[in-house]
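What follows is the content of data.pdb, which has PDB, C-alpha atoms:
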```pdb
ATOM      1  CA  MET A   1      17.358  -6.713   5.004
ATOM      2  CA  PHE A   2      14.399  -5.927   7.283
ATOM      3  CA  ILE A   3      11.236  -5.879   5.149
ATOM      4  CA  LEU A   4       7.791  -4.739   6.262
ATOM      5  CA  ALA A   5       4.636  -5.241   4.195
ATOM      6  CA  THR A   6       1.213  -3.760   4.989
ATOM      7  CA  GLU A   7      -2.366  -4.743   4.113
ATOM      8  CA  VAL A   8      -1.294  -8.319   3.449
ATOM      9  CA  THR A   9      -3.825 -11.088   2.807
ATOM     10  CA  GLU A  10      -3.233 -14.705   3.842
ATOM     11  CA  ASP A  11      -2.353 -15.751   0.274
ATOM     12  CA  GLU A  12       0.050 -12.826  -0.080
ATOM     13  CA  ALA A  13       1.635 -13.636   3.281
ATOM     14  CA  GLN A  14       2.375 -17.184   2.214
ATOM     15  CA  TYR A  15       3.898 -16.070  -1.083
ATOM     16  CA  LEU A  16       5.994 -13.255   0.416
ATOM     17  CA  THR A  17       7.281 -15.541   3.170
ATOM     18  CA  GLN A  18       8.414 -18.050   0.568
ATOM     19  CA  LYS A  19      10.143 -15.427  -1.586
ATOM     20  CA  PHE A  20      11.832 -13.553   1.290
ATOM     21  CA  LYS A  21      12.842 -16.603   3.327
ATOM     22  CA  HIS A  22      16.397 -15.311   3.728
ATOM     23  CA  GLU A  23      15.314 -11.864   4.914
ATOM     24  CA  THR A  24      13.708 -10.560   8.094
ATOM     25  CA  LEU A  25      10.065 -10.162   7.113
ATOM     26  CA  LYS A  26       7.216  -8.582   9.077
ATOM     27  CA  LEU A  27       3.664  -8.730   7.692
ATOM     28  CA  LEU A  28       0.726  -6.574   8.750
ATOM     29  CA  LYS A  29      -2.924  -7.200   7.938
ATOM     30  CA  GLY A  30      -3.598  -3.493   8.325
ATOM     31  CA  SER A  31      -1.647  -0.279   7.982
ATOM     32  CA  LEU A  32       1.516   1.023   9.634
ATOM     33  CA  ASP A  33      -0.267   1.884  12.872
ATOM     34  CA  GLU A  34      -0.207  -1.852  13.681
ATOM     35  CA  ALA A  35       3.598  -1.933  13.668
ATOM     36  CA  SER A  36       5.646  -1.606  16.840
ATOM     37  CA  LYS A  37       8.104   1.266  17.245
ATOM     38  CA  GLU A  38      10.874  -1.308  17.507
ATOM     39  CA  ASP A  39      10.000  -2.844  14.132
ATOM     40  CA  LEU A  40       9.587   0.543  12.452
ATOM     41  CA  ALA A  41      13.028   1.543  13.666
ATOM     42  CA  GLN A  42      14.542  -1.412  11.775
ATOM     43  CA  VAL A  43      12.595  -1.259   8.503
ATOM     44  CA  GLU A  44      14.809  -0.967   5.425
ATOM     45  CA  ALA A  45      12.272  -1.931   2.750
ATOM     46  CA  LEU A  46       8.572  -1.118   2.941
ATOM     47  CA  LEU A  47       5.977  -2.849   0.746
ATOM     48  CA  PRO A  48       2.760  -0.890   1.281
ATOM     49  CA  PHE A  49      -0.580  -1.069  -0.473
ATOM     50  CA  ILE A  50      -2.805   1.841  -1.496
ATOM     51  CA  HIS A  51      -4.507   2.482   1.861
ATOM     52  CA  THR A  52      -1.231   2.846   3.749
ATOM     53  CA  ALA A  53      -0.553   6.576   3.940
ATOM     54  CA  ILE A  54       3.162   7.318   4.012
ATOM     55  CA  GLY A  55       3.912  10.917   4.926
ATOM     56  CA  PRO A  56       6.696  12.682   6.812
ATOM     57  CA  ALA A  57       5.677  11.234  10.196
ATOM     58  CA  GLU A  58       5.703   7.665   8.883
ATOM     59  CA  ILE A  59       9.005   8.100   7.052
ATOM     60  CA  ASP A  60      10.626   9.725  10.100
ATOM     61  CA  ALA A  61       9.503   6.751  12.194
ATOM     62  CA  MET A  62      11.616   4.486   9.932
ATOM     63  CA  PRO A  63      15.139   5.963  10.100
ATOM     64  CA  GLN A  64      16.676   2.926   8.334
ATOM     65  CA  LEU A  65      14.212   3.060   5.438
ATOM     66  CA  LYS A  66      15.904   2.848   2.035
ATOM     67  CA  ILE A  67      13.168   1.783  -0.389
ATOM     68  CA  ILE A  68       9.378   1.969  -0.599
ATOM     69  CA  ALA A  69       8.212  -0.642  -3.109
ATOM     70  CA  THR A  70       4.503   0.059  -3.305
ATOM     71  CA  ARG A  71       2.367  -2.838  -4.472
ATOM     72  CA  SER A  72       0.456  -0.622  -6.888
ATOM     73  CA  THR A  73       0.818   1.487  -9.999
ATOM     74  CA  GLY A  74      -0.414   4.640  -8.287
ATOM     75  CA  TYR A  75       1.719   6.232  -5.588
ATOM     76  CA  ASP A  76      -0.419   9.153  -4.425
ATOM     77  CA  HIS A  77      -0.523   7.573  -0.936
ATOM     78  CA  ILE A  78       3.211   8.339  -0.616
ATOM     79  CA  ASP A  79       4.700  11.759   0.017
ATOM     80  CA  LEU A  80       7.149  11.428  -2.844
ATOM     81  CA  ASN A  81       8.807  14.781  -2.275
ATOM     82  CA  TYR A  82       9.568  14.016   1.358
ATOM     83  CA  ALA A  83      10.773  10.504   0.542
ATOM     84  CA  THR A  84      13.154  11.939  -2.051
ATOM     85  CA  GLN A  85      14.323  14.578   0.416
ATOM     86  CA  LYS A  86      15.154  11.824   2.936
ATOM     87  CA  GLY A  87      16.969   9.742   0.322
ATOM     88  CA  VAL A  88      14.316   7.023   0.184
ATOM     89  CA  LEU A  89      13.815   5.387  -3.209
ATOM     90  CA  VAL A  90      10.219   4.812  -4.323
ATOM     91  CA  CYS A  91       9.308   2.082  -6.815
ATOM     92  CA  ASN A  92       5.929   1.093  -8.196
ATOM     93  CA  VAL A  93       4.363  -1.637 -10.320
ATOM     94  CA  PRO A  94       3.957   0.080 -13.691
ATOM     95  CA  GLY A  95       1.858  -2.636 -15.267
ATOM     96  CA  TYR A  96       0.008  -5.579 -13.771
ATOM     97  CA  GLY A  97      -3.736  -5.244 -14.054
ATOM     98  CA  GLU A  98      -4.528  -3.802 -17.455
ATOM     99  CA  THR A  99      -6.775  -6.695 -18.411
ATOM    100  CA  ALA A 100      -8.167  -7.163 -14.898
ATOM    101  CA  VAL A 101      -9.227  -3.518 -14.493
ATOM    102  CA  ALA A 102     -10.537  -3.283 -18.056
ATOM    103  CA  GLU A 103     -12.674  -6.397 -17.624
ATOM    104  CA  TYR A 104     -13.999  -5.153 -14.291
ATOM    105  CA  THR A 105     -14.856  -1.833 -15.932
ATOM    106  CA  PHE A 106     -17.159  -3.698 -18.269
ATOM    107  CA  ALA A 107     -18.559  -5.771 -15.412
ATOM    108  CA  LEU A 108     -19.672  -2.508 -13.785
ATOM    109  CA  MET A 109     -20.815  -1.092 -17.103
ATOM    110  CA  LEU A 110     -23.025  -4.104 -17.820
ATOM    111  CA  ASP A 111     -24.372  -4.104 -14.288
ATOM    112  CA  VAL A 112     -25.422  -0.466 -14.550
ATOM    113  CA  THR A 113     -26.749  -0.525 -18.111
ATOM    114  CA  ARG A 114     -28.663  -3.818 -17.682
ATOM    115  CA  LYS A 115     -29.453  -3.521 -13.948
ATOM    116  CA  VAL A 116     -27.960  -6.922 -13.207
ATOM    117  CA  TYR A 117     -27.511  -6.490  -9.453
ATOM    118  CA  GLU A 118     -31.041  -5.178  -8.972
ATOM    119  CA  ALA A 119     -32.462  -8.095 -10.991
ATOM    120  CA  ILE A 120     -30.525 -10.595  -8.864
ATOM    121  CA  ARG A 121     -31.537  -8.861  -5.626
ATOM    122  CA  ARG A 122     -35.215  -8.934  -6.568
ATOM    123  CA  THR A 123     -35.151 -12.551  -7.696
ATOM    124  CA  LYS A 124     -33.509 -13.672  -4.460
ATOM    125  CA  ALA A 125     -36.394 -11.963  -2.660
ATOM    126  CA  GLY A 126     -38.926 -13.883  -4.771
ATOM    127  CA  ASN A 127     -39.883 -10.865  -6.902
ATOM    128  CA  TYR A 128     -40.012 -11.750 -10.608
ATOM    129  CA  THR A 129     -41.513  -8.534 -11.949
ATOM    130  CA  LEU A 130     -39.721  -6.742 -14.774
ATOM    131  CA  GLU A 131     -40.873  -3.251 -13.896
ATOM    132  CA  GLY A 132     -37.933  -0.876 -13.546
ATOM    133  CA  LEU A 133     -35.412  -3.368 -14.885
ATOM    134  CA  GLN A 134     -35.234  -2.130 -18.466
ATOM    135  CA  GLY A 135     -31.696  -1.295 -19.484
ATOM    136  CA  PHE A 136     -30.059  -0.314 -22.757
ATOM    137  CA  ASP A 137     -27.697  -1.892 -25.285
ATOM    138  CA  LEU A 138     -24.026  -1.055 -25.423
ATOM    139  CA  TYR A 139     -24.055  -1.722 -29.159
ATOM    140  CA  GLY A 140     -23.968   1.523 -31.103
ATOM    141  CA  LYS A 141     -23.449   3.677 -28.027
ATOM    142  CA  THR A 142     -20.566   6.137 -27.695
ATOM    143  CA  LEU A 143     -17.987   5.381 -25.026
ATOM    144  CA  GLY A 144     -15.768   8.199 -23.807
ATOM    145  CA  VAL A 145     -12.464   6.956 -22.384
ATOM    146  CA  VAL A 146     -10.620   9.468 -20.213
ATOM    147  CA  GLY A 147      -7.036   8.247 -20.157
ATOM    148  CA  ALA A 148      -5.987   6.053 -23.072
ATOM    149  CA  GLY A 149      -3.011   4.409 -21.420
ATOM    150  CA  ALA A 150      -2.500   0.691 -20.900
ATOM    151  CA  ILE A 151      -5.828   0.125 -19.114
ATOM    152  CA  GLY A 152      -7.769   2.551 -21.293
ATOM    153  CA  LEU A 153      -6.574   0.815 -24.465
ATOM    154  CA  HIS A 154      -7.758  -2.561 -23.136
ATOM    155  CA  VAL A 155     -11.132  -0.977 -22.397
ATOM    156  CA  ILE A 156     -11.245   0.316 -25.964
ATOM    157  CA  ARG A 157     -10.492  -3.147 -27.382
ATOM    158  CA  ILE A 158     -13.357  -4.639 -25.399
ATOM    159  CA  ALA A 159     -15.691  -1.782 -26.358
ATOM    160  CA  LYS A 160     -15.053  -2.352 -30.041
ATOM    161  CA  GLY A 161     -16.028  -5.987 -29.510
ATOM    162  CA  PHE A 162     -19.379  -4.761 -28.183
ATOM    163  CA  GLY A 163     -19.842  -2.635 -31.293
ATOM    164  CA  MET A 164     -19.423   0.674 -29.510
ATOM    165  CA  ASP A 165     -18.132   3.919 -30.994
ATOM    166  CA  VAL A 166     -15.157   5.113 -28.935
ATOM    167  CA  ILE A 167     -13.635   8.520 -28.412
ATOM    168  CA  ALA A 168     -10.743   9.114 -26.039
ATOM    169  CA  PHE A 169      -9.055  11.989 -24.268
ATOM    170  CA  ASP A 170      -5.394  11.776 -23.366
ATOM    171  CA  VAL A 171      -2.573  14.288 -23.129
ATOM    172  CA  PHE A 172      -0.384  11.804 -25.032
ATOM    173  CA  GLN A 173      -1.869  10.660 -28.321
ATOM    174  CA  ASN A 174      -0.799   7.726 -30.470
ATOM    175  CA  ARG A 175      -2.423   8.069 -33.873
ATOM    176  CA  LEU A 176      -1.207   4.674 -35.076
ATOM    177  CA  ILE A 177      -2.867   2.877 -32.167
ATOM    178  CA  SER A 178      -6.071   4.859 -32.671
ATOM    179  CA  GLU A 179      -6.189   3.748 -36.325
ATOM    180  CA  ILE A 180      -5.483   0.119 -35.446
ATOM    181  CA  LEU A 181      -8.104  -0.028 -32.661
ATOM    182  CA  GLY A 182     -10.648   2.113 -34.481
ATOM    183  CA  PHE A 183     -11.163   5.019 -32.109
ATOM    184  CA  ARG A 184     -10.405   8.712 -32.313
ATOM    185  CA  TYR A 185      -9.024  11.261 -29.917
ATOM    186  CA  ALA A 186     -11.155  14.227 -28.895
ATOM    187  CA  GLU A 187     -10.935  17.223 -26.623
ATOM    188  CA  MET A 188     -12.472  16.764 -23.193
ATOM    189  CA  ASP A 189     -15.475  19.011 -23.881
ATOM    190  CA  GLU A 190     -16.435  17.001 -26.967
ATOM    191  CA  LEU A 191     -15.994  13.713 -25.131
ATOM    192  CA  LEU A 192     -18.295  14.888 -22.345
ATOM    193  CA  SER A 193     -20.979  16.193 -24.682
ATOM    194  CA  ARG A 194     -21.055  13.141 -26.992
ATOM    195  CA  SER A 195     -20.514  10.140 -24.727
ATOM    196  CA  ASP A 196     -23.336   7.915 -23.539
ATOM    197  CA  ILE A 197     -20.921   6.320 -21.083
ATOM    198  CA  ILE A 198     -17.804   7.966 -19.635
ATOM    199  CA  THR A 199     -15.119   5.759 -18.100
ATOM    200  CA  LEU A 200     -12.113   7.086 -16.182
ATOM    201  CA  HIS A 201      -8.618   5.606 -16.493
ATOM    202  CA  ALA A 202      -6.321   8.522 -15.642
ATOM    203  CA  PRO A 203      -3.730   8.545 -12.831
ATOM    204  CA  ALA A 204      -4.106  10.595  -9.657
ATOM    205  CA  LEU A 205      -2.038  13.718 -10.282
ATOM    206  CA  LYS A 206      -2.397  17.383  -9.423
ATOM    207  CA  SER A 207      -3.390  17.957 -13.038
ATOM    208  CA  THR A 208      -6.141  15.310 -12.919
ATOM    209  CA  TYR A 209      -7.599  16.249  -9.528
ATOM    210  CA  HIS A 210     -11.393  16.655  -9.884
ATOM    211  CA  THR A 211     -11.318  16.132 -13.639
ATOM    212  CA  ILE A 212     -15.015  15.443 -13.191
ATOM    213  CA  ASN A 213     -16.333  18.553 -11.473
ATOM    214  CA  ARG A 214     -19.392  20.769 -11.624
ATOM    215  CA  GLU A 215     -18.101  22.659 -14.658
ATOM    216  CA  SER A 216     -17.278  19.530 -16.643
ATOM    217  CA  LEU A 217     -20.510  17.821 -15.618
ATOM    218  CA  ALA A 218     -22.491  20.813 -16.874
ATOM    219  CA  LYS A 219     -21.048  20.031 -20.328
ATOM    220  CA  THR A 220     -21.910  16.336 -20.136
ATOM    221  CA  LYS A 221     -24.539  14.680 -22.311
ATOM    222  CA  ARG A 222     -27.728  14.461 -20.300
ATOM    223  CA  GLY A 223     -28.397  10.956 -19.032
ATOM    224  CA  ALA A 224     -24.806   9.757 -19.389
ATOM    225  CA  VAL A 225     -23.373   6.972 -17.227
ATOM    226  CA  LEU A 226     -20.131   7.494 -15.295
ATOM    227  CA  ILE A 227     -17.709   4.650 -14.510
ATOM    228  CA  ASN A 228     -14.640   5.116 -12.292
ATOM    229  CA  THR A 229     -12.218   2.225 -11.786
ATOM    230  CA  ALA A 230      -9.195   4.538 -11.503
ATOM    231  CA  ARG A 231      -8.757   6.917  -8.569
ATOM    232  CA  GLY A 232     -11.358   8.582  -6.368
ATOM    233  CA  SER A 233      -9.678  11.975  -6.595
ATOM    234  CA  LEU A 234     -10.642  12.228 -10.274
ATOM    235  CA  VAL A 235     -14.253  12.929  -9.258
ATOM    236  CA  ASP A 236     -15.588  15.802  -7.179
ATOM    237  CA  THR A 237     -18.099  13.899  -5.035
ATOM    238  CA  GLU A 238     -20.230  16.939  -4.279
ATOM    239  CA  ALA A 239     -20.475  17.781  -7.981
ATOM    240  CA  LEU A 240     -21.375  14.179  -8.834
ATOM    241  CA  LEU A 241     -24.225  14.207  -6.312
ATOM    242  CA  TRP A 242     -25.508  17.403  -7.921
ATOM    243  CA  ALA A 243     -25.333  15.846 -11.403
ATOM    244  CA  LEU A 244     -27.120  12.678 -10.240
ATOM    245  CA  ASN A 245     -29.912  14.641  -8.587
ATOM    246  CA  ASP A 246     -30.266  16.873 -11.647
ATOM    247  CA  GLY A 247     -30.397  13.901 -14.056
ATOM    248  CA  ILE A 248     -27.248  14.891 -15.937
ATOM    249  CA  ILE A 249     -25.693  11.623 -14.813
ATOM    250  CA  SER A 250     -28.300   8.876 -14.929
ATOM    251  CA  ALA A 251     -26.161   6.326 -13.098
ATOM    252  CA  ALA A 252     -22.660   5.907 -11.726
ATOM    253  CA  ALA A 253     -20.542   2.865 -10.951
ATOM    254  CA  LEU A 254     -17.587   3.652  -8.716
ATOM    255  CA  ASP A 255     -14.820   1.292  -7.667
ATOM    256  CA  ALA A 256     -12.829   4.237  -6.309
ATOM    257  CA  LEU A 257     -14.141   6.982  -4.040
ATOM    258  CA  GLU A 258     -12.734  10.331  -3.056
ATOM    259  CA  GLY A 259     -11.644   9.905   0.560
ATOM    260  CA  GLU A 260     -12.162   6.140   0.532
ATOM    261  CA  GLU A 261      -9.229   5.836   2.946
ATOM    262  CA  PHE A 262     -11.389   7.451   5.639
ATOM    263  CA  LEU A 263     -14.045   4.778   5.158
ATOM    264  CA  GLN A 264     -11.384   2.078   5.417
ATOM    265  CA  ASN A 265      -9.648   3.598   8.421
ATOM    266  CA  GLU A 266     -11.684   6.090  10.432
ATOM    267  CA  GLU A 267      -8.669   7.045  12.566
ATOM    268  CA  GLU A 268      -7.272   8.909   9.560
ATOM    269  CA  LEU A 269     -10.126  11.404   9.868
ATOM    270  CA  PHE A 270      -8.621  12.935  12.967
ATOM    271  CA  GLY A 271      -5.208  13.959  11.752
ATOM    272  CA  ASP A 272      -3.836  17.402  12.280
ATOM    273  CA  THR A 273      -5.364  19.059   9.203
ATOM    274  CA  ASN A 274      -8.640  19.416   7.300
ATOM    275  CA  VAL A 275     -10.762  17.404   9.740
ATOM    276  CA  GLU A 276     -13.929  19.289   8.775
ATOM    277  CA  GLU A 277     -13.409  18.704   5.039
ATOM    278  CA  LYS A 278     -12.628  15.028   5.643
ATOM    279  CA  LEU A 279     -15.881  14.623   7.577
ATOM    280  CA  LYS A 280     -17.795  16.292   4.749
ATOM    281  CA  THR A 281     -16.237  13.815   2.310
ATOM    282  CA  VAL A 282     -17.359  10.871   4.433
ATOM    283  CA  VAL A 283     -20.911  12.248   4.619
ATOM    284  CA  ARG A 284     -21.014  12.744   0.839
ATOM    285  CA  ASN A 285     -19.799   9.187   0.318
ATOM    286  CA  ASN A 286     -22.526   7.897   2.620
ATOM    287  CA  ILE A 287     -25.102   9.805   0.579
ATOM    288  CA  LEU A 288     -23.648   8.316  -2.609
ATOM    289  CA  GLN A 289     -23.886   4.805  -1.153
ATOM    290  CA  ARG A 290     -27.602   5.283  -0.507
ATOM    291  CA  HIS A 291     -28.337   6.753  -3.938
ATOM    292  CA  PRO A 292     -30.516   4.348  -5.955
ATOM    293  CA  ASN A 293     -28.596   4.991  -9.187
ATOM    294  CA  VAL A 294     -25.118   4.485  -7.783
ATOM    295  CA  THR A 295     -23.149   1.230  -7.566
ATOM    296  CA  ILE A 296     -20.074   1.234  -5.336
ATOM    297  CA  THR A 297     -17.494  -1.520  -4.935
ATOM    298  CA  PRO A 298     -14.466  -1.458  -2.578
ATOM    299  CA  HIS A 299     -11.589  -0.730  -4.998
ATOM    300  CA  VAL A 300     -11.353  -4.306  -6.268
ATOM    301  CA  ALA A 301     -11.002  -3.860 -10.041
ATOM    302  CA  PHE A 302      -7.379  -5.039  -9.803
ATOM    303  CA  ASN A 303      -8.282  -8.065  -7.704
ATOM    304  CA  SER A 304      -7.826 -11.044  -9.988
ATOM    305  CA  ARG A 305      -5.623 -14.018  -9.181
ATOM    306  CA  GLU A 306      -3.335 -13.293 -12.115
ATOM    307  CA  ALA A 307      -3.022  -9.559 -11.455
ATOM    308  CA  LEU A 308      -2.199 -10.055  -7.771
ATOM    309  CA  ARG A 309       0.584 -12.478  -8.614
ATOM    310  CA  ARG A 310       2.054  -9.978 -11.087
ATOM    311  CA  ILE A 311       1.917  -7.269  -8.395
ATOM    312  CA  LEU A 312       3.763  -9.424  -5.887
ATOM    313  CA  ASP A 313       6.373 -10.610  -8.375
ATOM    314  CA  THR A 314       7.168  -7.080  -9.526
ATOM    315  CA  SER A 315       7.282  -5.718  -5.970
ATOM    316  CA  ILE A 316       9.613  -8.518  -4.887
ATOM    317  CA  GLU A 317      11.830  -7.883  -7.915
ATOM    318  CA  ASN A 318      11.899  -4.155  -7.095
ATOM    319  CA  VAL A 319      13.375  -4.917  -3.659
ATOM    320  CA  GLN A 320      15.773  -7.546  -4.997
ATOM    321  CA  ASN A 321      16.987  -5.280  -7.805
ATOM    322  CA  TYR A 322      17.573  -2.483  -5.320
ATOM    323  CA  ALA A 323      19.635  -4.829  -3.147
ATOM    324  CA  LYS A 324      21.757  -5.635  -6.232
ATOM    325  CA  GLY A 325      22.309  -1.942  -6.893
ATOM    326  CA  GLN A 326      20.124  -2.084 -10.032
ATOM    327  CA  PRO A 327      16.874  -0.313  -9.049
ATOM    328  CA  ARG A 328      13.998  -0.464 -11.506
ATOM    329  CA  ASN A 329      10.497   0.989 -11.781
ATOM    330  CA  THR A 330      11.541   4.054  -9.783
ATOM    331  CA  VAL A 331       9.270   7.077  -9.610
ATOM    332  CA  LYS A 332      10.564  10.614  -9.241
ATOM    333  CA  ALA A 333       9.189  13.676  -7.479
ATOM    334  CA  LYS A 334       7.926  16.308  -9.926
TER     335      LYS A 334
END
```
How does this structure look as structure tokens?
Amino acid sequence: MFILATEVTEDEAQYLTQKFKHETLKLLKGSLDEASKEDLAQVEALLPFIHTAIGPAEIDAMPQLKIIATRSTGYDHIDLNYATQKGVLVCNVPGYGETAVAEYTFALMLDVTRKVYEAIRRTKAGNYTLEGLQGFDLYGKTLGVVGAGAIGLHVIRIAKGFGMDVIAFDVFQNRLISEILGFRYAEMDELLSRSDIITLHAPALKSTYHTINRESLAKTKRGAVLINTARGSLVDTEALLWALNDGIISAAALDALEGEEFLQNEEELFGDTNVEEKLKTVVRNNILQRHPNVTITPHVAFNSREALRRILDTSIENVQNYAKGQPRNTVKAK
């Protein structure tokens, strides 16, 4: 089998080479645009990461492609409908980083609420003043969790350890788990109006696109903090800038940005559609990066040693199971 993997680090390359030693394996540090036409023509299994866009043009360039085993839980970077139409199976990694992402969520939360990064930055510059560094306790505060799936539930467990009150919004509710963990479900409007901190853990779907928008932000408790370690498309960047400037959102910590793929790969800006809107997104992100009350990290919440190994193992198993005629972790077009 001819296997191609994109966005591969040195550690990943070593591990994949060891596991696929009996297969033809090509590894790219970047996206598919680094691959030769000759290699693309032979690819049977593709192992992309989240910044590798896979649309009709990419799929058509790989006529032998049989399986896309994305090294991620989310698959919004793949045109699932077109892949299905072309008979290409798509598999994901349904669970790998629940603890990693949940812990990173609290790393961002503590940084924002206690101004850790700013304190470190000042101290390194020889400034030991305390002015402007006052934060607030998590204890006793209300945390609103949007998306109480595997990651969201880990966030809730940690929050209860900090002595926080937790309310959650999810389209699927498990009352037994809510009783065991000590949180309650609420409608979105109540969550927005009551939460001191809002943290996002929903998938990127049509139904979740711009969950945080101008209308929802207008209902948000004034001075709330927003954390996003999920997907950038959950937040309307223009609306967030408005809420920050108006004081509705006092601070935001974002590990995922709307249009972050354009920051990673500027060539994607100049595709055949929506160039003007893409440029506007990049400008808004640049404004966000300069905002004094915004912390941005480069989509690294998943990036722990243990989580990365689980991603690789599951992705490798997805390809091997397909080869055995026993595909697992498949995702279907809706």
- request: Would you kindly translate the PyMOL selection byres ((chain A and resi 151) around 10) into the concrete residues it picks from this file, as a PyMOL selection string?
  value: chain A and resi 95-103+105+147-150+152-156+200-202+229-230
Dump C-alpha atoms for the selected residues as a PDB file, in the frame of the given file?
```
ATOM      1  CA  GLY A  95       1.858  -2.636 -15.267  1.00  0.00           C
ATOM      2  CA  TYR A  96       0.008  -5.579 -13.771  1.00  0.00           C
ATOM      3  CA  GLY A  97      -3.736  -5.244 -14.054  1.00  0.00           C
ATOM      4  CA  GLU A  98      -4.528  -3.802 -17.455  1.00  0.00           C
ATOM      5  CA  THR A  99      -6.775  -6.695 -18.411  1.00  0.00           C
ATOM      6  CA  ALA A 100      -8.167  -7.163 -14.898  1.00  0.00           C
ATOM      7  CA  VAL A 101      -9.227  -3.518 -14.493  1.00  0.00           C
ATOM      8  CA  ALA A 102     -10.537  -3.283 -18.056  1.00  0.00           C
ATOM      9  CA  GLU A 103     -12.674  -6.397 -17.624  1.00  0.00           C
ATOM     10  CA  THR A 105     -14.856  -1.833 -15.932  1.00  0.00           C
ATOM     11  CA  GLY A 147      -7.036   8.247 -20.157  1.00  0.00           C
ATOM     12  CA  ALA A 148      -5.987   6.053 -23.072  1.00  0.00           C
ATOM     13  CA  GLY A 149      -3.011   4.409 -21.420  1.00  0.00           C
ATOM     14  CA  ALA A 150      -2.500   0.691 -20.900  1.00  0.00           C
ATOM     15  CA  GLY A 152      -7.769   2.551 -21.293  1.00  0.00           C
ATOM     16  CA  LEU A 153      -6.574   0.815 -24.465  1.00  0.00           C
ATOM     17  CA  HIS A 154      -7.758  -2.561 -23.136  1.00  0.00           C
ATOM     18  CA  VAL A 155     -11.132  -0.977 -22.397  1.00  0.00           C
ATOM     19  CA  ILE A 156     -11.245   0.316 -25.964  1.00  0.00           C
ATOM     20  CA  LEU A 200     -12.113   7.086 -16.182  1.00  0.00           C
ATOM     21  CA  HIS A 201      -8.618   5.606 -16.493  1.00  0.00           C
ATOM     22  CA  ALA A 202      -6.321   8.522 -15.642  1.00  0.00           C
ATOM     23  CA  THR A 229     -12.218   2.225 -11.786  1.00  0.00           C
ATOM     24  CA  ALA A 230      -9.195   4.538 -11.503  1.00  0.00           C
TER      25      ALA A 230
END
```
task: Determine, counting all atoms listed in the file, which protein, DNA and RNA residues have an atom within 10 Å of an atom of Lys219 in chain A; residues of the same chain fewer than 4 positions away are not included. Present the result as a PyMOL selection string.
output: chain A and resi 188-194+214-215+248
Could you dump the residues just selected with C-alpha atoms as an mmCIF file, in the frame of the given file?
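Saved the output as part-v2.cif:
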```
data_model
loop_
_atom_site.group_PDB
_atom_site.id
_atom_site.type_symbol
_atom_site.label_atom_id
_atom_site.label_comp_id
_atom_site.auth_asym_id
_atom_site.auth_seq_id
_atom_site.Cartn_x
_atom_site.Cartn_y
_atom_site.Cartn_z
ATOM 1 C CA MET A 188 -12.472 16.764 -23.193
ATOM 2 C CA ASP A 189 -15.475 19.011 -23.881
ATOM 3 C CA GLU A 190 -16.435 17.001 -26.967
ATOM 4 C CA LEU A 191 -15.994 13.713 -25.131
ATOM 5 C CA LEU A 192 -18.295 14.888 -22.345
ATOM 6 C CA SER A 193 -20.979 16.193 -24.682
ATOM 7 C CA ARG A 194 -21.055 13.141 -26.992
ATOM 8 C CA ARG A 214 -19.392 20.769 -11.624
ATOM 9 C CA GLU A 215 -18.101 22.659 -14.658
ATOM 10 C CA ILE A 248 -27.248 14.891 -15.937
#
```
message: Once the PyMOL selection byres ((chain A and resi 71) around 12) has been evaluated on this model, what residues remain selected, and can you format them as a ChimeraX atom specification?
response: /A:5-8,12,46-52,68-70,72-75,77-78,90-97,302,307-319,329
query: In terms of the shortest atom-to-atom distance over only C-alpha atoms, which of A:Leu143, A:Met109, A:Leu244, A:Leu176 is closest to His291 in chain A?
result: A:Leu244
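The coordinates place CA of Asp39 in chain A at 10.5 Å from CA of Thr24 in chain A.
This file, filtered with the PyMOL selection byres ((chain A and resi 293) around 10), gives the residues Val112, Lys115, Val225, Leu244, Asn245, Ile249, Ser250, Ala251, Ala252, Ala253, Leu288, Gln289, Arg290, His291, Pro292, Val294 and Thr295 of chain A.
Picture a line from CA of Asp236 in chain A to CA of Asn274 in chain A; it runs 16.5 Å.
Distance check against Leu138 in chain A using all atoms listed in the file: of A:Trp242, A:Tyr322, A:Tyr82, A:Phe106, the minimum falls on A:Phe106.
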- prompt: Near Leu130 in chain A, within 12 Å and counting all atoms listed in the file, which residues show up once chain neighbours fewer than 5 positions away are dropped, as JSON, numbers by chain?
  reply: {"A": [114, 115, 116, 118, 119, 120, 122, 123, 135]}
Give me the box for range 250-263 of chain A as AutoDock Vina command-line options, namely the centre and edge lengths in Å to one decimal of a box along x, y and z that holds every listed atom plus 5 Å on each side.
```
--center_x -18.8 --center_y 5.8 --center_z -4.6 --size_x 29.1 --size_y 19.0 --size_z 30.6
```
task: Excluding Gln64 in chain A and residues on its chain fewer than 5 positions from it, collect all residues at most 9 Å away from it, counting all atoms listed in the file, and give them as an NGL selection string.
output: :A and (40-45)
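Put simply, CA of Ile180 in chain A is 19.8 Å away from CA of Lys141 in chain A.
Nearest-residue note for Gln14 in chain A: choosing from A:Leu27, A:Ile177, A:Lys221, A:Val331, the minimum distance belongs to A:Leu27, counting all atoms listed in the file.
Nearest residue to Phe262 in chain A among A:Thr281, A:Gln326, A:Asn174, A:Thr297 is A:Thr281, counting all atoms listed in the file.
The nearest approach to Val300 in chain A among the residues A:Ala107, A:Phe136, A:Arg184, A:Tyr117, with all atoms listed in the file taken into account, belongs to A:Ala107.
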- prompt: Taking all atoms listed in the file into account, which of A:Leu110, A:Thr9, A:Thr237, A:Leu65 comes nearest Val88 in chain A?
  reply: A:Leu65
